[in-house]
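To be precise, the following lines are upload.cif, and they hold mmCIF, C-alpha atoms.
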data_run
#
loop_
_atom_site.label_atom_id
_atom_site.label_comp_id
_atom_site.auth_asym_id
_atom_site.auth_seq_id
_atom_site.Cartn_x
_atom_site.Cartn_y
_atom_site.Cartn_z
CA MET M 1 0.00 0.00 0.00
CA SER M 2 1.42 3.35 -1.03
CA LYS M 3 1.46 6.30 1.31
CA PHE M 4 0.93 8.63 -1.65
CA LYS M 5 -0.12 8.02 -5.23
CA ILE M 6 0.94 10.87 -7.50
CA GLU M 7 -0.67 10.97 -10.92
CA PHE M 8 0.80 12.54 -14.02
CA SER M 9 -2.22 12.56 -16.30
CA SER M 10 -0.81 14.59 -19.19
CA PRO M 11 2.59 15.36 -20.71
CA VAL M 12 2.03 19.16 -20.53
CA LYS M 13 5.31 20.48 -19.15
CA ILE M 14 4.11 23.28 -16.91
CA GLU M 15 1.50 20.89 -15.47
CA TRP M 16 4.32 18.54 -14.49
CA VAL M 17 6.12 21.39 -12.77
CA ARG M 18 2.90 22.25 -10.87
CA ILE M 19 2.30 18.65 -9.75
CA VAL M 20 5.90 18.24 -8.59
CA THR M 21 5.82 21.59 -6.78
CA GLU M 22 2.60 20.80 -4.94
CA TRP M 23 3.73 17.34 -3.88
CA ARG M 24 7.10 18.57 -2.67
CA GLU M 25 5.18 20.66 -0.13
CA LYS M 26 3.13 17.68 1.04
CA ILE M 27 5.87 15.05 1.30
CA THR M 28 7.63 15.31 4.63
CA VAL M 29 10.55 13.25 5.93
CA SER M 30 9.46 9.66 6.59
CA LYS M 31 10.54 7.88 9.74
CA LYS M 32 9.47 4.43 8.52
CA ILE M 33 9.83 2.76 5.14
CA GLU M 34 6.88 3.80 2.97
CA VAL M 35 6.18 3.77 -0.74
CA ILE M 36 5.33 6.70 -2.96
CA GLU M 37 3.90 5.68 -6.30
CA LEU M 38 4.30 7.86 -9.37
CA VAL M 39 1.64 6.98 -11.92
CA PHE M 40 2.01 7.90 -15.59
CA ASP M 41 -1.40 7.79 -17.25
CA GLN M 42 -2.30 6.93 -20.80
CA GLU M 43 -1.47 10.32 -22.29
CA VAL M 44 2.10 10.23 -20.97
CA GLN M 45 3.89 8.27 -23.65
CA LEU M 46 7.37 7.75 -24.94
CA ASN M 47 6.72 9.95 -27.98
CA ASN M 48 5.90 12.97 -25.81
CA PHE M 49 8.44 12.34 -23.05
CA ASP M 50 11.07 15.05 -23.34
CA PRO M 51 14.40 15.81 -21.62
CA LEU M 52 12.44 18.22 -19.38
CA HIS M 53 10.31 15.37 -18.02
CA ILE M 54 13.43 13.29 -17.42
CA VAL M 55 15.35 15.90 -15.40
CA LEU M 56 12.30 17.02 -13.43
CA LEU M 57 11.47 13.42 -12.61
CA SER M 58 15.10 12.76 -11.63
CA CYS M 59 15.15 15.66 -9.17
CA PHE M 60 11.76 14.62 -7.79
CA ILE M 61 12.78 10.98 -7.29
CA ASP M 62 16.03 12.11 -5.67
CA GLU M 63 14.18 14.34 -3.21
CA ILE M 64 11.54 11.71 -2.36
CA GLN M 65 14.22 9.11 -1.76
CA THR M 66 16.27 11.50 0.35
CA LYS M 67 13.18 12.02 2.50
CA GLY M 68 13.20 8.30 3.23
CA TYR M 69 10.62 6.82 0.84
CA ILE M 70 10.75 4.04 -1.71
CA VAL M 71 9.66 5.25 -5.14
CA ARG M 72 7.56 3.06 -7.40
CA LEU M 73 6.75 3.99 -10.99
CA SER M 74 3.62 2.74 -12.82
CA PHE M 75 3.10 3.09 -16.55
CA THR M 76 0.33 2.67 -19.06
CA ASP M 77 2.73 2.94 -22.00
CA ASP M 78 5.01 -0.11 -22.12
CA ASP M 79 7.42 1.67 -24.48
CA LEU M 80 7.96 4.43 -21.91
CA HIS M 81 8.52 1.84 -19.20
CA ASN M 82 11.06 0.05 -21.38
CA TYR M 83 12.81 3.32 -22.26
CA LEU M 84 13.15 4.54 -18.67
CA PHE M 85 14.24 1.23 -17.20
CA ASN M 86 16.22 -0.43 -19.98
CA GLU M 87 17.66 2.47 -21.93
CA ILE M 88 17.97 5.35 -19.47
CA ASN M 89 18.56 2.82 -16.68
CA LEU M 90 16.67 4.98 -14.22
CA LYS M 91 16.71 2.32 -11.50
CA THR M 92 20.51 2.14 -11.47
CA TYR M 93 20.82 5.84 -10.57
CA TRP M 94 19.00 5.29 -7.28
CA GLY M 95 20.13 1.80 -6.40
CA LYS M 96 22.34 0.91 -3.44
CA ASN M 97 24.61 3.80 -4.31
CA LYS M 98 23.70 7.04 -6.05
CA ILE M 99 25.32 7.05 -9.49
CA ASP M 100 26.19 10.21 -11.40
CA HIS M 101 26.07 8.97 -14.98
CA ILE M 102 25.56 5.82 -17.05
CA ASP M 103 25.98 5.77 -20.81
CA SER M 104 22.74 5.16 -22.69
CA PRO M 105 22.55 2.60 -25.50
CA VAL M 106 20.37 5.11 -27.41
CA ILE M 107 22.85 6.87 -29.69
CA SER M 108 20.87 10.13 -29.85
CA ASP M 109 20.70 10.50 -26.05
CA PHE M 110 23.38 11.82 -23.76
CA ASN M 111 22.03 10.18 -20.64
CA ILE M 112 21.11 11.67 -17.27
CA TRP M 113 24.00 13.28 -15.47
CA ARG M 114 23.91 14.32 -11.84
CA ILE M 115 25.63 17.70 -11.95
CA THR M 116 28.56 17.25 -9.63
CA GLU M 117 31.17 19.74 -8.49
CA ASN M 118 34.03 17.69 -9.90
CA GLY M 119 32.36 16.83 -13.17
CA LYS M 120 30.90 20.17 -14.15
CA GLU M 121 33.69 21.13 -16.55
CA TYR M 122 34.30 17.67 -17.98
CA TYR M 123 30.67 16.90 -18.76
CA SER M 124 30.41 19.63 -21.41
CA ILE M 125 33.62 18.31 -22.96
CA SER M 126 32.16 14.79 -23.06
CA VAL M 127 28.94 16.05 -24.63
CA LEU M 128 30.79 17.93 -27.34
CA ASP M 129 33.19 15.08 -28.05
CA TYR M 130 30.20 12.79 -28.33
CA PHE M 131 28.27 15.01 -30.75
CA LYS M 132 31.36 15.79 -32.84
CA ARG M 133 32.17 12.10 -33.08
CA SER M 134 28.64 10.96 -33.81
CA TYR M 135 26.96 13.65 -35.90
CA PHE M 136 28.66 17.00 -36.32
CA SER M 137 32.27 16.50 -37.30
CA GLY M 138 33.81 19.76 -38.54
CA PHE M 139 31.03 21.96 -37.18
CA ASP M 140 31.51 24.73 -34.63
CA LEU M 141 29.64 23.58 -31.52
CA SER M 142 31.34 26.06 -29.23
CA SER M 143 28.14 27.97 -28.42
CA LEU M 144 26.54 24.76 -27.12
CA LYS M 145 29.61 23.90 -25.04
CA ASN M 146 29.72 27.43 -23.75
CA ALA M 147 26.04 27.33 -22.77
CA LEU M 148 26.48 24.06 -20.87
CA ASN M 149 29.53 25.36 -18.99
CA GLU M 150 27.76 28.56 -17.98
CA LEU M 151 24.62 26.73 -16.86
CA TYR M 152 26.40 23.99 -14.90
CA PHE M 153 28.57 26.55 -13.11
CA ASN M 154 25.40 28.50 -12.30
CA VAL M 155 24.01 25.46 -10.49
CA PHE M 156 27.10 25.26 -8.31
CA ASP M 157 27.69 28.93 -7.81
CA HIS M 158 24.15 29.99 -6.92
CA ALA M 159 21.64 27.16 -6.56
CA GLU M 160 22.47 25.59 -3.17
CA ALA M 161 20.83 22.44 -4.52
CA HIS M 162 22.79 20.04 -2.24
CA GLY M 163 23.50 17.62 -5.08
CA ASN M 164 19.95 17.49 -6.42
CA ALA M 165 20.62 18.73 -9.95
CA PHE M 166 20.39 16.81 -13.21
CA SER M 167 21.01 17.32 -16.91
CA PHE M 168 19.83 15.36 -19.94
CA ILE M 169 20.56 16.00 -23.63
CA ARG M 170 18.95 14.50 -26.71
CA TYR M 171 19.53 14.94 -30.42
CA ASP M 172 16.15 14.96 -32.14
CA LYS M 173 17.18 13.98 -35.64
CA GLU M 174 13.72 14.40 -37.20
CA GLU M 175 13.26 17.94 -35.90
CA GLY M 176 16.93 18.82 -36.42
CA LYS M 177 17.35 20.02 -32.84
CA ILE M 178 19.51 19.32 -29.83
CA ARG M 179 17.29 19.43 -26.75
CA VAL M 180 18.91 20.24 -23.42
CA ALA M 181 17.26 20.17 -19.99
CA ILE M 182 18.86 21.11 -16.68
CA CYS M 183 16.99 21.06 -13.38
CA ASP M 184 17.99 21.78 -9.81
CA PHE M 185 15.95 21.83 -6.62
CA GLY M 186 17.88 24.76 -5.18
CA LYS M 187 16.74 28.23 -4.21
CA GLY M 188 15.79 29.48 -7.66
CA ILE M 189 17.14 32.34 -9.75
CA GLY M 190 14.28 34.69 -8.86
CA ARG M 191 14.69 34.29 -5.13
CA THR M 192 18.50 34.51 -5.28
CA LEU M 193 18.52 37.71 -7.34
CA ARG M 194 15.73 39.40 -5.40
CA LYS M 195 17.78 38.97 -2.26
CA ARG M 196 20.52 41.09 -3.84
CA TYR M 197 18.39 43.50 -5.88
CA ALA M 198 15.63 44.92 -3.69
CA ASN M 199 14.08 46.74 -6.66
CA PHE M 200 13.20 43.47 -8.43
CA ASP M 201 9.60 43.40 -7.24
CA ASN M 202 8.68 39.96 -8.53
CA ASP M 203 10.19 36.83 -10.06
CA CYS M 204 9.29 37.84 -13.65
CA ILE M 205 11.35 41.01 -13.26
CA ALA M 206 14.16 39.01 -11.67
CA LEU M 207 14.23 36.51 -14.55
CA GLU M 208 14.12 39.27 -17.18
CA ASN M 209 17.12 40.87 -15.52
CA SER M 210 18.99 37.63 -14.96
CA ILE M 211 19.92 37.49 -18.65
CA LYS M 212 21.25 41.06 -18.71
CA VAL M 213 24.96 41.80 -18.63
CA GLY M 214 26.22 42.83 -15.19
CA ILE M 215 23.31 41.37 -13.18
CA SER M 216 24.62 38.76 -10.76
CA ALA M 217 24.03 37.42 -7.28
CA ARG M 218 27.85 37.52 -6.99
CA THR M 219 27.88 34.34 -4.95
CA GLN M 220 31.49 33.73 -6.02
CA LYS M 221 34.06 36.43 -6.63
CA TYR M 222 34.38 35.38 -10.28
CA ASN M 223 30.61 35.92 -10.88
CA LYS M 224 30.17 39.19 -12.76
CA GLY M 225 26.83 38.74 -14.49
CA PHE M 226 27.93 37.70 -17.98
CA GLY M 227 26.99 34.02 -17.88
CA LEU M 228 23.33 33.91 -18.86
CA ASP M 229 23.84 36.70 -21.40
CA ASN M 230 26.60 34.59 -22.89
CA VAL M 231 24.06 31.78 -23.33
CA THR M 232 21.11 33.79 -24.59
CA SER M 233 23.02 36.16 -26.87
CA ALA M 234 24.22 33.13 -28.85
CA LEU M 235 20.64 32.03 -29.67
CA LYS M 236 19.78 32.02 -33.34
CA LYS M 237 16.75 31.49 -35.57
CA GLY M 238 14.95 28.29 -34.65
CA ASP M 239 16.34 28.15 -31.10
CA VAL M 240 14.05 28.29 -28.06
CA PHE M 241 15.25 28.89 -24.51
CA ARG M 242 13.13 28.74 -21.35
CA ILE M 243 13.69 29.16 -17.62
CA VAL M 244 11.14 28.21 -14.97
CA SER M 245 12.10 29.44 -11.54
CA ASN M 246 10.07 30.35 -8.48
CA GLU M 247 6.89 32.06 -9.72
CA ALA M 248 8.02 32.91 -13.25
CA LEU M 249 8.62 31.47 -16.70
CA LEU M 250 10.93 33.21 -19.16
CA GLN M 251 10.89 32.26 -22.82
CA ILE M 252 13.17 33.39 -25.63
CA GLU M 253 12.44 32.44 -29.21
CA ASP M 254 14.95 32.79 -32.06
CA ASP M 255 17.15 35.45 -30.49
CA SER M 256 17.58 37.47 -27.33
CA LEU M 257 15.37 40.29 -28.64
CA ASN M 258 12.27 38.13 -28.47
CA ILE M 259 11.77 37.68 -24.72
CA LYS M 260 8.54 36.98 -22.87
CA THR M 261 7.92 36.35 -19.18
CA PHE M 262 4.87 34.82 -17.56
CA LYS M 263 3.82 34.68 -13.92
CA ILE M 264 3.03 31.12 -12.87
CA PRO M 265 0.50 30.37 -10.11
CA PHE M 266 2.84 28.37 -7.86
CA ASP M 267 6.35 28.66 -6.45
CA PHE M 268 8.75 26.20 -8.06
CA ARG M 269 11.66 26.04 -5.62
CA GLY M 270 14.56 25.57 -7.95
CA THR M 271 15.48 26.29 -11.54
CA LEU M 272 14.46 24.37 -14.62
CA ILE M 273 16.15 25.38 -17.86
CA TYR M 274 15.26 23.73 -21.14
CA PHE M 275 16.32 24.79 -24.56
CA ASP M 276 16.34 23.59 -28.13
CA VAL M 277 19.20 24.42 -30.46
CA ALA M 278 18.46 24.20 -34.18
CA ILE M 279 21.33 22.38 -35.83
CA GLU M 280 20.84 24.34 -39.06
CA SER M 281 22.44 27.28 -37.24
CA PHE M 282 25.73 25.40 -36.75
CA GLU M 283 28.47 26.81 -38.93
CA LYS M 284 31.60 25.09 -40.16
CA GLU M 285 34.44 25.46 -37.69
CA GLU M 286 36.91 28.12 -38.83
CA ILE M 287 40.25 28.22 -37.03
CA LEU M 288 42.47 31.30 -37.28
CA GLU M 289 46.16 30.47 -37.06
CA ASN M 290 46.96 33.86 -35.55
CA PHE M 291 44.81 36.69 -34.23
CA SER M 292 45.70 40.04 -32.70
CA PHE M 293 43.41 42.97 -31.98
CA PHE M 294 46.01 45.30 -33.49
CA GLU M 295 48.19 44.03 -36.33
CA MET Z 1 56.84 37.62 -26.14
CA LYS Z 2 55.55 34.64 -24.19
CA THR Z 3 53.33 31.86 -25.53
CA ILE Z 4 50.97 30.01 -23.19
CA ILE Z 5 49.32 26.79 -24.27
CA LEU Z 6 45.96 27.16 -22.61
CA LYS Z 7 44.98 23.49 -22.65
CA ASP Z 8 47.99 22.74 -20.41
CA ILE Z 9 46.76 25.28 -17.87
CA LEU Z 10 43.18 24.03 -18.04
CA SER Z 11 44.19 20.40 -17.61
CA ASP Z 12 45.13 20.99 -13.96
CA ASN Z 13 42.90 23.89 -13.00
CA THR Z 14 39.27 24.97 -12.93
CA PHE Z 15 38.22 27.76 -15.30
CA PRO Z 16 38.38 30.53 -12.65
CA VAL Z 17 41.79 29.39 -11.40
CA ALA Z 18 43.15 29.07 -14.95
CA GLY Z 19 41.82 32.56 -15.66
CA ASP Z 20 43.66 33.90 -12.64
CA TYR Z 21 46.88 32.29 -13.90
CA ILE Z 22 46.44 34.03 -17.28
CA TYR Z 23 45.72 37.32 -15.50
CA LYS Z 24 49.06 37.08 -13.66
CA GLU Z 25 50.92 36.29 -16.88
CA ILE Z 26 49.38 39.24 -18.74
CA ASN Z 27 49.94 41.54 -15.78
CA THR Z 28 53.64 40.62 -15.68
CA SER Z 29 53.94 41.08 -19.44
CA ILE Z 30 52.27 44.50 -19.35
CA ASN Z 31 54.76 45.66 -16.74
CA ALA Z 32 57.60 44.31 -18.89
CA HIS Z 33 56.09 45.95 -22.04
CA GLU Z 34 55.73 42.56 -23.68
CA LYS Z 35 52.94 40.59 -25.29
CA VAL Z 36 51.34 37.27 -24.29
CA ILE Z 37 50.24 34.86 -27.01
CA ILE Z 38 47.56 32.42 -25.90
CA ASP Z 39 47.57 29.22 -27.94
CA MET Z 40 43.99 27.93 -27.97
CA ILE Z 41 44.77 24.62 -29.62
CA ASP Z 42 42.22 21.97 -28.53
CA VAL Z 43 40.34 24.56 -26.47
CA LEU Z 44 37.08 25.07 -28.25
CA THR Z 45 35.79 27.80 -26.01
CA VAL Z 46 36.23 29.37 -22.60
CA PRO Z 47 33.28 30.43 -20.44
CA THR Z 48 32.84 33.74 -18.64
CA MET Z 49 34.10 32.42 -15.31
CA PHE Z 50 37.49 32.11 -17.06
CA LEU Z 51 37.18 35.46 -18.85
CA ASN Z 52 36.19 37.28 -15.63
CA THR Z 53 39.28 36.22 -13.72
CA SER Z 54 41.63 36.77 -16.67
CA PHE Z 55 40.72 39.46 -19.21
CA GLY Z 56 38.07 41.06 -17.00
CA ALA Z 57 40.56 41.54 -14.17
CA ILE Z 58 43.05 43.10 -16.60
CA ILE Z 59 40.38 45.48 -17.95
CA GLU Z 60 39.56 46.56 -14.38
CA GLU Z 61 43.21 47.31 -13.69
CA PHE Z 62 44.60 48.59 -17.00
CA GLY Z 63 41.61 49.19 -19.31
CA SER Z 64 40.50 47.32 -22.43
CA LEU Z 65 42.92 49.07 -24.79
CA LYS Z 66 45.92 47.86 -22.82
CA LEU Z 67 44.45 44.35 -22.74
CA LYS Z 68 44.01 44.33 -26.52
CA GLU Z 69 47.55 45.59 -27.04
CA SER Z 70 49.00 42.99 -24.72
CA ILE Z 71 47.47 39.75 -25.97
CA GLY Z 72 47.32 37.72 -29.14
CA PHE Z 73 45.99 34.27 -29.98
CA LYS Z 74 47.03 31.21 -31.93
CA ASN Z 75 44.72 28.48 -33.21
CA ILE Z 76 41.54 30.24 -32.14
CA THR Z 77 38.13 29.70 -33.72
CA LYS Z 78 36.44 32.62 -35.40
CA SER Z 79 33.41 32.30 -33.12
CA GLN Z 80 35.64 32.41 -30.05
CA VAL Z 81 37.23 35.67 -31.29
CA GLU Z 82 33.74 37.13 -31.71
CA ARG Z 83 32.78 36.01 -28.21
CA ILE Z 84 35.89 37.59 -26.66
CA GLN Z 85 35.31 40.83 -28.57
CA LYS Z 86 31.72 40.96 -27.30
CA TYR Z 87 32.91 40.21 -23.78
CA ILE Z 88 35.35 43.16 -23.84
CA LEU Z 89 32.63 45.50 -25.12
CA ASP Z 90 30.17 44.28 -22.48
CA TYR Z 91 32.74 44.59 -19.71
CA ASN Z 92 33.38 48.22 -20.67
CA GLN Z 93 29.64 48.84 -20.64
CA VAL Z 94 29.32 47.40 -17.14
CA ILE Z 95 32.18 49.61 -15.92
CA GLU Z 96 30.44 52.65 -17.45
CA ASN Z 97 27.12 51.72 -15.85
CA ASN Z 98 28.75 51.22 -12.47
CA LYS Z 99 30.37 54.67 -12.71
CA LYS Z 100 26.95 56.22 -13.43
CA ASN Z 101 25.43 54.45 -10.44
CA ILE Z 102 28.05 55.66 -7.97
#
Can you dump the structure from the file as structure tokens?
Amino acid sequence: MSKFKIEFSSPVKIEWVRIVTEWREKITVSKKIEVIELVFDQEVQLNNFDPLHIVLLSCFIDEIQTKGYIVRLSFTDDDLHNYLFNEINLKTYWGKNKIDHIDSPVISDFNIWRITENGKEYYSISVLDYFKRSYFSGFDLSSLKNALNELYFNVFDHAEAHGNAFSFIRYDKEEGKIRVAICDFGKGIGRTLRKRYANFDNDCIALENSIKVGISARTQKYNKGFGLDNVTSALKKGDVFRIVSNEALLQIEDDSLNIKTFKIPFDFRGTLIYFDVAIESFEKEEILENFSFFE
Amino acid sequence: MKTIILKDILSDNTFPVAGDYIYKEINTSINAHEKVIIDMIDVLTVPTMFLNTSFGAIIEEFGSLKLKESIGFKNITKSQVERIQKYILDYNQVIENNKKNI
């Protein structure tokens, strides 16, 4: 008998964030061994299960388990069950020992990675090596590598997520996009910035400002407020970038001039970043033998 | 003129620490009226936490013109040059904004 049964009845992303947020409030630390069952209804299928679902679910499972529960997953779609257990190897991540990363047999997936202090620089190198080897030899993928570095460092510098942070990357060959999702159950960008900038009246304003040059919580002395701008200013036609944090959603389509923010009716404690990079924007790598600002 | 192979520095250090190492090298070279060449071979890109502790720190101390005069690159991608140029412009803008806010 499960203590709680949590139903995910649709694949709608913001609905998932709401369900997870509400249940995080309800689930308290367990003193005895109890089961929490996560139920994925008929509409939640492999073909609509995105990197966002995977990282959000990973953080949620991690938190539930840390609170002392056993997590059980129930599926209607057998393909999704097979994918999560046999290809992503979800169970292995939360077995006897917590594991940071296992390679996936699915060539287009760069499997779940627990964002760790030691691995945060090497992971982006692995991702790039992997994509260059498998699909994009000779192309300049530096903007993707740069984005990953900035975002992983952000988790460590600002989030205070206590190890509950995950990344997942997939190459969607049909759509011609690389889909990246990064989630942490830390304090959230909105909350962190509003602590420093008293004039940011709400989380929408905080998120809008978070991508501006010079805006930083300055948690570390090397933080100067260039990181998120460095990510968003590299967006090109066909790219979509989103941040959900605290009570706000920020969305950028195509380039950093097209920004929208939305207030969301709940407080997501953490930061969820998901973005799609259109591979048609990748240019051939051009290496200059020598460069000086003044010849 | 001194040449630094950046991948050697990055192999043993985090980005911020490697940036600080580069800052010290450029600082020494500026005082000796010399130039530092940074060989970017096998380094696809460097994030802002490296740029802040290296070039950003030099801009704070000597200004962006002195930085540009004092460094050169080998084996650098075109996109990385563009990113560094944007970074220098942005850093100057932040300094200007901070002056206005004082």
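For the set Z:Ile22, Z:Val36, Z:Ile4, Z:Ile71, the residue with the smallest atom-to-atom gap to Ala57 (chain Z) is Z:Ile22, counting only C-alpha atoms.
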| task | Enumerate, as an MDAnalysis selection string, the residues matched when the PyMOL selection byres ((chain Z) within 10 of (chain M)) is run on the file above. | result | chainID Z and resid 14:17 19:20 37:41 43:54 56:57 65 67:81 83 85:87 90:91 93:95 97:98
Could you tell me, as a CSV table (one decimal) with C-alpha atoms, keeping the file's coordinate frame, exactly which residues end up selected when the PyMOL selection byres ((chain M and resi 192-206) around 9) is applied to this structure?
chain,number,residue,atom,x,y,z
M,158,HIS,CA,24.2,30.0,-6.9
M,159,ALA,CA,21.6,27.2,-6.6
M,187,LYS,CA,16.7,28.2,-4.2
M,188,GLY,CA,15.8,29.5,-7.7
M,189,ILE,CA,17.1,32.3,-9.8
M,190,GLY,CA,14.3,34.7,-8.9
M,191,ARG,CA,14.7,34.3,-5.1
M,207,LEU,CA,14.2,36.5,-14.6
M,208,GLU,CA,14.1,39.3,-17.2
M,209,ASN,CA,17.1,40.9,-15.5
M,210,SER,CA,19.0,37.6,-15.0
M,215,ILE,CA,23.3,41.4,-13.2
M,216,SER,CA,24.6,38.8,-10.8
M,217,ALA,CA,24.0,37.4,-7.3
M,218,ARG,CA,27.8,37.5,-7.0
M,245,SER,CA,12.1,29.4,-11.5
M,246,ASN,CA,10.1,30.4,-8.5
M,247,GLU,CA,6.9,32.1,-9.7
M,248,ALA,CA,8.0,32.9,-13.2
M,249,LEU,CA,8.6,31.5,-16.7
M,250,LEU,CA,10.9,33.2,-19.2
M,261,THR,CA,7.9,36.4,-19.2
M,262,PHE,CA,4.9,34.8,-17.6
M,263,LYS,CA,3.8,34.7,-13.9
| message | Taking all atoms listed in the file into account, name the residue in Z:Ile84, Z:Ile9, Z:Ala18, Z:Ile58 that is nearest to Ile30 (chain Z). | response |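 Checking each of Z:Ile84, Z:Ile9, Z:Ala18, Z:Ile58 against Ile30 (chain Z), counting all atoms listed in the file, the winner is Z:Ile58.
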| message | For a test of reading the model, state the distance in Å between CA of Tyr122 (chain M) and CA of Asp255 (chain M), rounded to one decimal. | response | 27.7 Å
| task | Apply the PyMOL selection byres ((chain M and resi 46) around 7) to the displayed file and report the matching residues as a PyMOL selection string. | result | chain M and resi 45+47-49+79-80
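The shell of residues at most 7 Å from Arg72 (chain M), with all atoms listed in the file counted and near chain neighbours (fewer than 3 positions) removed, consists of Val35, Ile36, Glu37 and Leu38 of chain M.
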Write the selection just made, keeping C-alpha atoms, as a PDB file, keeping the file's coordinate frame?
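New file result-v4.pdb:
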ATOM      1  CA  VAL M  35       6.180   3.770  -0.740  1.00  0.00           C
ATOM      2  CA  ILE M  36       5.330   6.700  -2.960  1.00  0.00           C
ATOM      3  CA  GLU M  37       3.900   5.680  -6.300  1.00  0.00           C
ATOM      4  CA  LEU M  38       4.300   7.860  -9.370  1.00  0.00           C
TER       5      LEU M  38
END
